[in-house]
$ cat final-v1.cif   # mmCIF, C-alpha atoms
data_model
loop_
_atom_site.label_atom_id
_atom_site.label_comp_id
_atom_site.auth_asym_id
_atom_site.auth_seq_id
_atom_site.Cartn_x
_atom_site.Cartn_y
_atom_site.Cartn_z
CA MET A 1 -15.17 3.37 27.76
CA GLY A 2 -18.01 3.56 25.34
CA PHE A 3 -18.37 1.21 22.43
CA GLU A 4 -18.75 2.52 18.95
CA ARG A 5 -20.56 0.91 16.10
CA LEU A 6 -19.69 0.42 12.52
CA VAL A 7 -22.73 0.19 10.35
CA ARG A 8 -23.09 -2.56 7.80
CA PRO A 9 -25.63 -1.58 5.21
CA SER A 10 -27.85 -4.15 3.63
CA ASN A 11 -26.66 -5.72 0.44
CA LYS A 12 -29.91 -4.93 -1.24
CA ASP A 13 -29.11 -1.25 -0.98
CA PHE A 14 -26.20 -1.62 -3.30
CA GLY A 15 -28.13 -2.87 -6.24
CA SER A 16 -27.24 0.19 -8.29
CA ARG A 17 -23.54 0.00 -7.65
CA ALA A 18 -21.23 -1.65 -10.08
CA MET A 19 -19.21 -4.56 -8.81
CA ARG A 20 -15.88 -5.33 -10.26
CA GLN A 21 -14.40 -8.70 -10.90
CA PHE A 22 -10.90 -9.56 -11.87
CA ASP A 23 -10.16 -12.73 -13.70
CA LYS A 24 -7.04 -14.76 -14.14
CA ASN A 25 -6.32 -13.40 -17.57
CA ALA A 26 -6.51 -9.78 -16.70
CA SER A 27 -4.17 -7.42 -14.94
CA SER A 28 -6.82 -4.73 -14.88
CA PRO A 29 -10.47 -4.68 -13.93
CA VAL A 30 -12.83 -6.32 -16.32
CA GLY A 31 -16.55 -6.43 -16.36
CA ARG A 32 -16.95 -2.77 -15.46
CA GLN A 33 -20.56 -2.81 -16.46
CA PRO A 34 -22.99 -3.25 -13.58
CA ARG A 35 -23.29 -6.85 -12.60
CA GLU A 36 -25.86 -8.67 -10.65
CA THR A 37 -25.15 -7.97 -7.05
CA ARG A 38 -23.85 -11.07 -5.37
CA GLN A 39 -25.68 -12.04 -2.25
CA LEU A 40 -23.34 -11.97 0.70
CA THR A 41 -24.23 -14.42 3.40
CA LEU A 42 -23.32 -13.16 6.83
CA GLN A 43 -23.43 -15.82 9.49
CA SER A 44 -24.93 -14.93 12.80
CA GLU A 45 -22.53 -17.21 14.63
CA THR A 46 -19.38 -15.53 13.50
CA ASN A 47 -16.52 -16.06 15.92
CA PHE A 48 -13.26 -14.28 16.47
CA ARG A 49 -10.10 -15.69 17.88
CA HIS A 50 -8.13 -14.45 20.83
CA ASP A 51 -9.14 -11.05 22.13
CA PHE A 52 -11.74 -10.66 19.45
CA SER A 53 -13.76 -13.65 20.57
CA ARG A 54 -15.61 -11.38 22.93
CA ILE A 55 -16.71 -8.91 20.30
CA PRO A 56 -20.40 -9.23 19.59
CA VAL A 57 -20.80 -9.17 15.87
CA PHE A 58 -23.98 -8.20 14.11
CA SER A 59 -25.51 -7.16 17.36
CA THR A 60 -29.21 -7.71 17.34
CA GLU A 61 -29.52 -4.87 19.82
CA ALA A 62 -27.98 -2.48 17.38
CA ALA A 63 -29.91 -3.91 14.49
CA THR A 64 -33.20 -3.31 16.18
CA ARG A 65 -32.61 0.08 17.70
CA PRO A 66 -35.97 1.78 17.54
CA GLN A 67 -34.77 5.36 17.37
CA PRO A 68 -32.38 6.84 14.80
CA ALA A 69 -29.15 8.02 16.30
CA ALA A 70 -28.68 11.74 16.20
CA GLY A 71 -26.67 12.94 13.27
CA LEU A 72 -27.08 9.88 11.11
CA ALA A 73 -27.89 10.55 7.53
CA PRO A 74 -31.29 9.14 6.54
CA ARG A 75 -29.71 6.90 3.92
CA VAL A 76 -27.41 5.35 6.44
CA GLU A 77 -30.02 5.00 9.11
CA SER A 78 -32.37 3.23 6.75
CA GLN A 79 -29.67 0.71 6.06
CA ARG A 80 -29.04 -0.11 9.68
CA GLU A 81 -29.39 -3.85 9.80
CA ARG A 82 -26.23 -5.04 11.44
CA SER A 83 -23.44 -3.52 13.39
CA VAL A 84 -20.07 -4.47 14.75
CA GLU A 85 -19.05 -3.36 18.18
CA MET A 86 -15.33 -2.96 18.48
CA PRO A 87 -13.25 -2.82 21.61
CA GLY A 88 -11.59 0.38 22.70
CA GLU A 89 -8.00 1.14 21.97
CA GLU A 90 -6.79 -0.16 25.30
CA GLU A 91 -8.12 -3.58 24.34
CA GLN A 92 -6.28 -3.70 21.03
CA THR A 93 -3.33 -5.51 22.56
CA VAL A 94 -2.20 -8.66 20.88
CA ASN A 95 0.79 -10.94 20.64
CA GLY A 96 1.96 -10.19 24.10
CA GLY A 97 1.63 -6.45 24.08
CA THR A 98 1.88 -5.12 20.55
CA LYS A 99 -0.33 -2.08 20.41
CA THR A 100 -1.85 -0.24 17.55
CA PRO A 101 0.20 2.77 16.43
CA LYS A 102 -0.27 5.97 18.30
CA ALA A 103 -1.38 9.14 16.65
CA PRO A 104 0.89 12.15 17.01
CA PRO A 105 0.52 13.56 20.51
CA GLY A 106 -2.50 15.78 20.69
CA CYS A 107 -4.01 14.56 17.45
CA ASP A 108 -6.96 12.43 16.47
CA CYS A 109 -6.81 10.35 13.32
CA VAL A 110 -10.07 10.01 11.41
CA PRO A 111 -10.51 7.80 8.34
CA SER A 112 -12.22 9.40 5.38
CA SER A 113 -12.27 6.41 3.04
CA VAL A 114 -11.26 2.79 2.64
CA ALA A 115 -11.12 1.23 -0.80
CA ILE A 116 -9.71 -1.83 -2.52
CA LYS A 117 -7.78 -0.88 -5.65
CA ASN A 118 -5.17 -2.11 -8.11
CA VAL A 119 -6.30 -5.71 -8.16
CA LYS A 120 -3.99 -7.79 -10.33
CA ALA A 121 -3.99 -11.49 -10.96
CA TYR A 122 -0.64 -13.23 -10.80
CA ARG A 123 1.05 -16.60 -11.04
CA SER A 124 4.49 -17.32 -9.61
CA GLY A 125 5.59 -20.93 -9.79
CA LYS A 126 3.00 -23.00 -7.96
CA LEU A 127 1.53 -19.90 -6.35
CA TYR A 128 -1.43 -18.19 -7.94
CA GLY A 129 -3.69 -15.44 -6.71
CA HIS A 130 -4.01 -11.69 -6.75
CA SER A 131 -2.35 -8.59 -5.45
CA PHE A 132 -4.47 -5.70 -4.25
CA ASP A 133 -4.13 -2.44 -2.38
CA VAL A 134 -6.24 -1.29 0.51
CA VAL A 135 -6.13 2.48 0.22
CA VAL A 136 -7.08 4.40 3.35
CA GLY A 137 -7.72 8.13 3.41
CA LEU A 138 -6.82 9.61 6.79
CA THR A 139 -7.13 13.06 8.30
CA TYR A 140 -5.45 14.26 11.49
CA PHE A 141 -7.03 16.88 13.70
CA ALA A 142 -5.92 18.59 16.85
CA ALA A 143 -7.45 16.71 19.75
CA ARG A 144 -9.07 18.31 22.74
CA SER A 145 -7.05 15.98 24.88
CA GLY A 146 -4.75 13.08 24.33
CA GLY A 147 -5.30 11.93 20.78
CA GLN A 148 -6.31 8.64 19.26
CA ASP A 149 -5.12 6.88 16.16
CA ALA A 150 -7.48 5.11 13.81
CA GLN A 151 -7.72 1.36 14.24
CA LEU A 152 -7.27 -1.24 11.55
CA ILE A 153 -9.34 -4.42 11.72
CA TRP A 154 -8.44 -6.85 8.95
CA LEU A 155 -10.87 -9.76 9.00
CA GLU A 156 -10.45 -12.80 6.79
CA ARG A 157 -12.48 -15.96 6.51
CA THR A 158 -11.67 -18.96 4.37
CA ASP A 159 -13.18 -22.37 3.76
CA ARG A 160 -9.70 -23.90 3.80
CA ALA A 161 -7.71 -22.54 6.70
CA PRO A 162 -3.93 -22.68 6.54
CA ALA A 163 -2.14 -25.26 8.61
CA TRP A 164 -1.65 -23.22 11.74
CA GLN A 165 -2.63 -24.65 15.00
CA GLY A 166 -5.95 -23.24 16.08
CA LEU A 167 -7.12 -21.70 12.84
CA LYS A 168 -10.42 -23.11 11.68
CA PRO A 169 -12.26 -22.89 8.39
CA ASN A 170 -15.18 -20.52 7.96
CA VAL A 171 -14.31 -18.45 11.02
CA TRP A 172 -13.39 -14.78 10.84
CA ASN A 173 -9.89 -13.97 12.04
CA ASP A 174 -8.37 -10.53 12.51
CA MET A 175 -5.10 -10.88 10.67
CA PHE A 176 -3.81 -7.56 11.97
CA ALA A 177 -4.33 -8.75 15.52
CA LEU A 178 -2.65 -12.06 14.75
CA PHE A 179 0.28 -10.66 12.78
CA PRO A 180 0.63 -6.92 13.47
CA THR A 181 4.31 -6.94 12.55
CA SER A 182 3.84 -8.62 9.17
CA PRO A 183 5.55 -6.58 6.46
CA THR A 184 2.20 -6.55 4.68
CA PHE A 185 1.05 -3.99 7.23
CA ASP A 186 4.07 -1.70 6.89
CA GLY A 187 1.90 0.76 4.99
CA TRP A 188 -0.14 1.13 8.16
CA THR A 189 2.33 0.56 10.96
CA LYS A 190 5.55 2.08 9.60
CA ASN A 191 5.03 4.23 6.54
CA ARG A 192 2.49 6.77 7.71
CA THR A 193 3.88 10.25 8.33
CA LYS A 194 0.85 11.32 10.39
CA PRO A 195 0.80 15.02 9.52
CA CYS A 196 -1.08 16.96 12.14
CA PRO A 197 -3.06 18.83 11.17
CA GLY A 198 -3.21 17.33 7.72
CA SER A 199 -4.16 14.30 5.73
CA GLU A 200 -2.47 11.38 4.03
CA THR A 201 -3.19 8.14 2.25
CA ALA A 202 -2.06 4.82 3.69
CA THR A 203 -1.68 1.92 1.28
CA ILE A 204 -1.55 -1.69 2.39
CA THR A 205 -0.69 -4.23 -0.30
CA ASP A 206 -1.67 -7.85 0.18
CA PRO A 207 -1.02 -10.71 -2.27
CA PRO A 208 -3.38 -13.52 -1.22
CA ALA A 209 -2.44 -16.67 -3.06
CA ALA A 210 -2.75 -20.45 -2.98
CA SER A 211 -0.78 -23.41 -4.23
CA VAL A 212 -1.92 -25.26 -7.35
CA ASP A 213 -1.10 -28.46 -5.45
CA LEU A 214 -3.79 -27.82 -2.87
CA PRO A 215 -7.58 -27.87 -3.14
CA ALA A 216 -9.79 -24.93 -4.06
CA ARG A 217 -10.07 -22.07 -1.62
CA THR A 218 -12.48 -19.21 -1.11
CA LEU A 219 -11.20 -16.29 0.94
CA GLU A 220 -13.29 -13.35 2.11
CA PHE A 221 -12.01 -9.99 3.28
CA ASP A 222 -13.87 -7.63 5.60
CA ILE A 223 -11.60 -4.73 6.41
CA TYR A 224 -12.39 -1.85 8.72
CA VAL A 225 -10.66 1.34 9.69
CA ARG A 226 -12.21 2.94 12.69
CA GLY A 227 -11.82 6.47 13.99
CA GLN A 228 -13.41 7.92 17.06
CA ARG A 229 -16.83 8.24 15.50
CA ILE A 230 -16.30 7.19 11.93
CA GLY A 231 -15.78 3.74 10.52
CA HIS A 232 -15.11 2.72 6.95
CA ASN A 233 -15.14 -0.71 5.43
CA ALA A 234 -14.03 -2.57 2.32
CA LYS A 235 -14.97 -6.10 1.37
CA ALA A 236 -13.88 -8.59 -1.24
CA LYS A 237 -14.01 -12.27 -2.09
CA GLN A 238 -11.32 -14.32 -3.78
CA VAL A 239 -11.96 -17.73 -5.31
CA LEU A 240 -9.02 -19.90 -6.31
CA GLU A 241 -9.39 -23.33 -7.85
CA PRO A 242 -6.67 -25.42 -9.49
CA ASP A 243 -7.41 -27.68 -12.42
CA GLY A 244 -5.70 -30.70 -10.92
CA SER A 245 -2.93 -30.75 -13.50
CA GLY A 246 -0.78 -27.94 -12.24
CA GLY A 247 -2.91 -25.26 -13.86
CA VAL A 248 -5.64 -22.92 -12.79
CA LYS A 249 -9.34 -23.45 -13.24
CA THR A 250 -10.71 -20.45 -11.34
CA GLN A 251 -8.93 -17.29 -10.25
CA THR A 252 -11.33 -14.49 -9.39
CA PHE A 253 -11.26 -11.53 -7.04
CA THR A 254 -14.49 -9.64 -6.55
CA VAL A 255 -14.60 -6.28 -4.83
CA GLU A 256 -17.86 -6.16 -2.95
CA PRO A 257 -19.75 -3.07 -1.81
CA SER A 258 -18.12 -1.30 1.07
CA SER A 259 -20.19 0.10 3.84
CA LEU A 260 -19.93 3.52 5.35
CA GLY A 261 -21.59 4.66 8.45
CA PRO A 262 -21.12 7.44 10.96
CA LEU A 263 -21.18 6.14 14.47
CA PRO A 264 -23.92 7.10 16.92
CA MET B 265 -11.61 -32.65 -3.91
CA THR B 266 -9.70 -33.94 -6.88
CA GLU B 267 -7.63 -37.01 -6.15
CA ASN B 268 -4.54 -35.38 -7.52
CA PHE B 269 -4.46 -32.86 -4.72
CA LEU B 270 -2.67 -33.36 -1.48
CA ALA B 271 -5.17 -33.34 1.31
CA ASP B 272 -4.36 -30.25 3.29
CA ASP B 273 -5.10 -32.00 6.55
CA GLU B 274 -1.90 -33.92 5.96
CA LEU B 275 0.00 -30.66 6.29
CA VAL B 276 1.19 -28.71 9.28
CA GLY B 277 2.48 -25.19 9.48
CA ALA B 278 6.22 -24.94 9.89
CA ALA B 279 6.50 -21.15 9.72
CA VAL B 280 4.98 -18.02 8.27
CA VAL B 281 6.78 -15.41 6.20
CA GLY B 282 5.67 -12.03 5.00
CA ALA B 283 3.35 -12.38 2.04
CA THR B 284 5.08 -9.53 0.24
CA ASP B 285 8.58 -10.90 0.84
CA GLN B 286 9.29 -12.88 -2.30
CA GLU B 287 12.93 -13.29 -1.37
CA ALA B 288 12.07 -14.97 1.92
CA ARG B 289 9.72 -17.31 0.11
CA ALA B 290 12.41 -18.23 -2.37
CA ILE B 291 14.90 -18.91 0.41
CA VAL B 292 12.43 -21.12 2.24
CA GLU B 293 11.65 -23.10 -0.89
CA ARG B 294 15.32 -23.51 -1.73
CA GLU B 295 16.49 -24.59 1.71
CA LEU B 296 13.69 -27.06 2.25
CA ALA B 297 14.16 -28.48 -1.24
CA LEU B 298 17.86 -28.98 -0.52
CA ALA B 299 16.83 -31.04 2.48
CA GLY B 300 14.38 -33.05 0.42
CA ILE B 301 11.35 -31.58 2.16
CA ASP B 302 8.27 -30.78 0.11
CA CYS B 303 6.66 -27.51 1.14
CA PHE B 304 3.38 -25.87 0.19
CA ILE B 305 3.28 -22.11 0.57
CA GLU B 306 0.14 -20.01 0.47
CA GLY B 307 -1.83 -17.51 2.46
CA SER B 308 -2.80 -13.90 2.80
CA VAL B 309 -1.09 -11.17 4.85
CA VAL B 310 1.37 -13.90 5.76
CA TYR B 311 2.28 -16.96 3.75
CA SER B 312 2.12 -20.23 5.63
CA VAL B 313 4.97 -22.63 4.98
CA GLN B 314 3.30 -26.03 5.20
CA VAL B 315 5.03 -29.37 5.29
CA ARG B 316 4.04 -32.95 5.98
CA SER B 317 3.87 -33.65 9.68
CA ARG B 318 6.76 -36.08 9.51
CA ASP B 319 8.98 -33.26 8.23
CA LEU B 320 7.89 -30.61 10.70
CA ALA B 321 10.71 -30.75 13.22
CA ARG B 322 13.41 -30.88 10.59
CA ALA B 323 11.85 -28.09 8.54
CA ARG B 324 11.60 -25.82 11.55
CA GLU B 325 15.18 -26.50 12.52
CA ILE B 326 16.36 -25.67 9.03
CA LEU B 327 14.38 -22.45 8.87
CA ARG B 328 15.28 -21.35 12.39
CA SER B 329 18.97 -21.81 11.70
CA SER B 330 19.00 -20.31 8.23
CA LEU B 331 21.43 -17.42 7.99
CA ASP B 332 19.79 -16.27 4.78
CA LEU B 333 16.52 -15.77 6.63
CA LYS B 334 17.93 -13.92 9.62
CA ASP B 335 17.14 -10.52 8.13
CA HIS B 336 13.66 -11.52 7.02
CA TRP B 337 10.39 -11.48 8.92
CA ILE B 338 9.58 -15.08 9.82
CA GLN B 339 7.56 -16.51 12.66
CA PHE B 340 6.92 -19.97 13.99
CA PRO B 341 3.32 -20.13 15.23
CA GLY B 342 2.52 -22.89 17.69
#

$ encode --input "final-v1.cif" --output "structure tokens"
Amino acid sequence: MGFERLVRPSNKDFGSRAMRQFDKNASSPVGRQPRETRQLTLQSETNFRHDFSRIPVFSTEAATRPQPAAGLAPRVESQRERSVEMPGEEEQTVNGGTKTPKAPPGCDCVPSSVAIKNVKAYRSGKLYGHSFDVVVGLTYFAARSGGQDAQLIWLERTDRAPAWQGLKPNVWNDMFALFPTSPTFDGWTKNRTKPCPGSETATITDPPAASVDLPARTLEFDIYVRGQRIGHNAKAKQVLEPDGSGGVKTQTFTVEPSSLGPLP
Amino acid sequence: MTENFLADDELVGAAVVGATDQEARAIVERELALAGIDCFIEGSVVYSVQVRSRDLARAREILRSSLDLKDHWIQFPG
């Protein structure tokens, strides 16, 4: 089984891209004008739980490859600073045997885009946060043999981990691996029609939120959809901070630049 | 951390419900409130139902036996 790599471009290469921020008073994007690109700090000692603990992240080997991989666009190759090596499909087994969905027999599923859209701030009782959609463009092709579905990797990292045994702050966790049957993932696990040949859009809606009775929380998202040789990524950061009197002091959701890279 | 806040290290996870399932969240809040148990719900992808450690066993028993929750996605992580 060969590993594939998803390319993480450098943040400095996104200086010309507009970043969007959503504040607590808005149900639609505000600040559409280009903003100063926020520096994203990627820790070299990132850890994964369970099966993902063995995944080397930000491989220095990949980051220092001396020769461009064949077929890589110059723009992408010049941005090669970090990569994520993901396990093969047979290793995507979690929670005692739940596997990623299969593509239709004889078809390969290839992602064409991943984007975070429809960010809306909300407050419901003591809960406050945002709702957002992860919109994934997918195309299905006839496979030479077998067929392989795209893989969803939904990484989250927070400075205030929820009270589950084993979860630690400031450590990336693959929420799809931990909770593949969560209704949040129905748009990926249940609702796809998988036309083959053909294309469709999968939408996953997540409403990350915190309690006003608990301390401030920063939550980062790093979401990948991986096909056989194509990986797409979307990233975001949510900051929630109560005011200590049952209200909200900070409620922001920032969509950060997504990376796109063909795999060598 | 502001003094008014409950230190989250006083809390333990009793269950998780689907983050998009508002009905399940409402049921959890109602049934634990009826039992006099404070709960703190938050999360992403799944919402963690957090209670004080002294209430953990009782909260789990209530949620496990809830007929209103039997048709909802709910898990009890270790």

$ closest_atom_pairs --input "final-v1.cif" --of "chain A" --to "chain B" --cutoff "7 Å" --atoms "all atoms listed in the file" --output "tab-separated table"
residue	atom	partner	partner_atom	distance
A:Leu127	CA	B:Glu306	CA	7.0
A:Pro162	CA	B:Ser312	CA	6.6
A:Ala163	CA	B:Gly277	CA	4.7
A:Trp164	CA	B:Gly277	CA	5.1
A:Gln165	CA	B:Gly342	CA	6.1
A:Ser182	CA	B:Gly282	CA	5.7
A:Pro183	CA	B:Gly282	CA	5.6
A:Thr184	CA	B:Val309	CA	5.7
A:Asp206	CA	B:Val309	CA	5.8
A:Pro207	CA	B:Ser308	CA	6.2
A:Pro208	CA	B:Ser308	CA	4.1
A:Ala209	CA	B:Glu306	CA	5.5
A:Ala210	CA	B:Glu306	CA	4.5
A:Ser211	CA	B:Glu306	CA	5.9
A:Asp213	CA	B:Phe269	CA	5.6
A:Leu214	CA	B:Phe269	CA	5.4
A:Pro215	CA	B:Phe269	CA	6.1
A:Gly244	CA	B:Asn268	CA	5.9

$ closest_residue --input "final-v1.cif" --among "A:Phe253, A:Trp154, A:Tyr140, A:Phe221" --to "Glu200 (chain A)" --atoms "only C-alpha atoms"
A:Tyr140

$ atom_distance --input "final-v1.cif" --atom1 "CA of Thr205 (chain A)" --atom2 "CA of Ala236 (chain A)"
13.9 Å

$ atom_distance --input "final-v1.cif" --atom1 "CA of Glu325 (chain B)" --atom2 "CA of Gly300 (chain B)"
13.8 Å

$ resolve_selection --input "final-v1.cif" --expression "the PyMOL selection byres ((chain A and resi 199) around 12)" --output "list in words"
Cys107, Asp108, Cys109, Val110, Pro111, Ser112, Ser113, Val136, Gly137, Leu138, Thr139, Tyr140, Phe141, Arg192, Thr193, Lys194, Pro195, Cys196, Pro197, Gly198, Glu200, Thr201 and Ala202 of chain A

$ resolve_selection --input "final-v1.cif" --expression "the PyMOL selection byres ((chain A and resi 251) around 12)" --output "PyMOL selection string"
chain A and resi 21-27+120-123+127-131+208-212+216-219+237-243+247-250+252-254

$ atom_distance --input "final-v1.cif" --atom1 "CA of Thr189 (chain A)" --atom2 "CA of Leu333 (chain B)"
22.1 Å

$ residues_around --input "final-v1.cif" --residues "Val225 (chain A)" --least-positions-apart "4" --cutoff "8 Å" --atoms "only C-alpha atoms" --output "PyMOL selection string"
chain A and resi 111+114+136+150-153+231-233
